[in-house]
Amino acid sequence: MTFNERLKLLRTENKLTQDNVAKGLEMPTRSYQRLESDGAKAQFDTLLKIANYYGVSIDWLVGRTDKREVNR
């Protein structure tokens, strides 16, 4: 599963709109839409915001592991 597929999965599991998530991440809606559908590359600070927003690990977001939880 790719980054954009995981991003969409998280949003739909939480019953959120793209606009809701973009506002929560403090980014333009169109920028968020590109991450989810166009496969745009996310900067590290954006990955960190997304991971914190959903409570998942960055490694899971980018497909390096199948474990969602954050190791602390």
# chains A, B, ... in the order shown; residues from 1 in each chain; ligands from 1
$ closest_atom_pairs --of "range 2-54 of chain A" --to "range 63-68 of chain A" --cutoff "9 Å" --atoms "only C-alpha atoms" --output "JSON lines"
{"residue": "A:Thr2", "atom": "CA", "partner": "A:Gly63", "partner_atom": "CA", "distance": 6.3}
{"residue": "A:Phe3", "atom": "CA", "partner": "A:Gly63", "partner_atom": "CA", "distance": 6.5}
{"residue": "A:Arg6", "atom": "CA", "partner": "A:Gly63", "partner_atom": "CA", "distance": 8.4}
$ write_last_selection --atoms "N, CA, C and O atoms" --output "PDB file, in the first residue's frame"
ATOM      1  N   THR A   2       0.587   2.199  -0.841  1.00  0.00           N
ATOM      2  CA  THR A   2       1.401   3.403  -0.971  1.00  0.00           C
ATOM      3  C   THR A   2       0.990   4.479   0.041  1.00  0.00           C
ATOM      4  O   THR A   2      -0.062   4.378   0.676  1.00  0.00           O
ATOM      5  N   PHE A   3       1.840   5.492   0.148  1.00  0.00           N
ATOM      6  CA  PHE A   3       1.573   6.601   1.058  1.00  0.00           C
ATOM      7  C   PHE A   3       0.201   7.210   0.816  1.00  0.00           C
ATOM      8  O   PHE A   3      -0.583   7.375   1.743  1.00  0.00           O
ATOM      9  N   ARG A   6      -2.597   4.968   1.992  1.00  0.00           N
ATOM     10  CA  ARG A   6      -2.706   4.943   3.452  1.00  0.00           C
ATOM     11  C   ARG A   6      -3.319   6.229   3.980  1.00  0.00           C
ATOM     12  O   ARG A   6      -4.100   6.218   4.920  1.00  0.00           O
TER      13      ARG A   6
END
$ closest_residue --among "A:Leu47, A:Leu35, A:Ala40, A:Met27" --to "Val62 in chain A" --atoms "only C-alpha atoms"
A:Leu47
$ residues_around --residues "Asp19 in chain A" --least-positions-apart "6" --cutoff "10 Å" --atoms "only C-alpha atoms" --output "list in words"
Leu25, Met27, Pro28, Thr29, Arg30, Tyr32 and Gln33 of chain A
$ write_last_selection --atoms "C-alpha atoms" --output "compact mmCIF listing (two decimals), in the first residue's frame"
# COMPACT_ATOMS: atom_id res chain seq x y z
CA LEU A 25 -3.11 19.99 9.38
CA MET A 27 -2.53 23.37 4.99
CA PRO A 28 -4.43 24.34 1.84
CA THR A 29 -7.06 21.81 0.81
CA ARG A 30 -5.58 21.49 -2.69
CA TYR A 32 -3.75 17.88 0.84
CA GLN A 33 -5.69 16.61 -2.18
$ residues_around --residues "Leu10 in chain A" --least-positions-apart "2" --cutoff "12 Å" --atoms "only C-alpha atoms" --output "ChimeraX atom specification"
/A:3-8,12-18,21,36,50-51,53-56,60-61,68
$ select_by_dssp --residues "chain A" --states "alpha helix (DSSP H)" --output "VMD selection string"
chain A and resid 3 to 13 18 to 24 29 to 33 44 to 54 58 to 61
$ atom_distance --atom1 "CA of Leu48 in chain A" --atom2 "CA of Glu69 in chain A"
13.8 Å
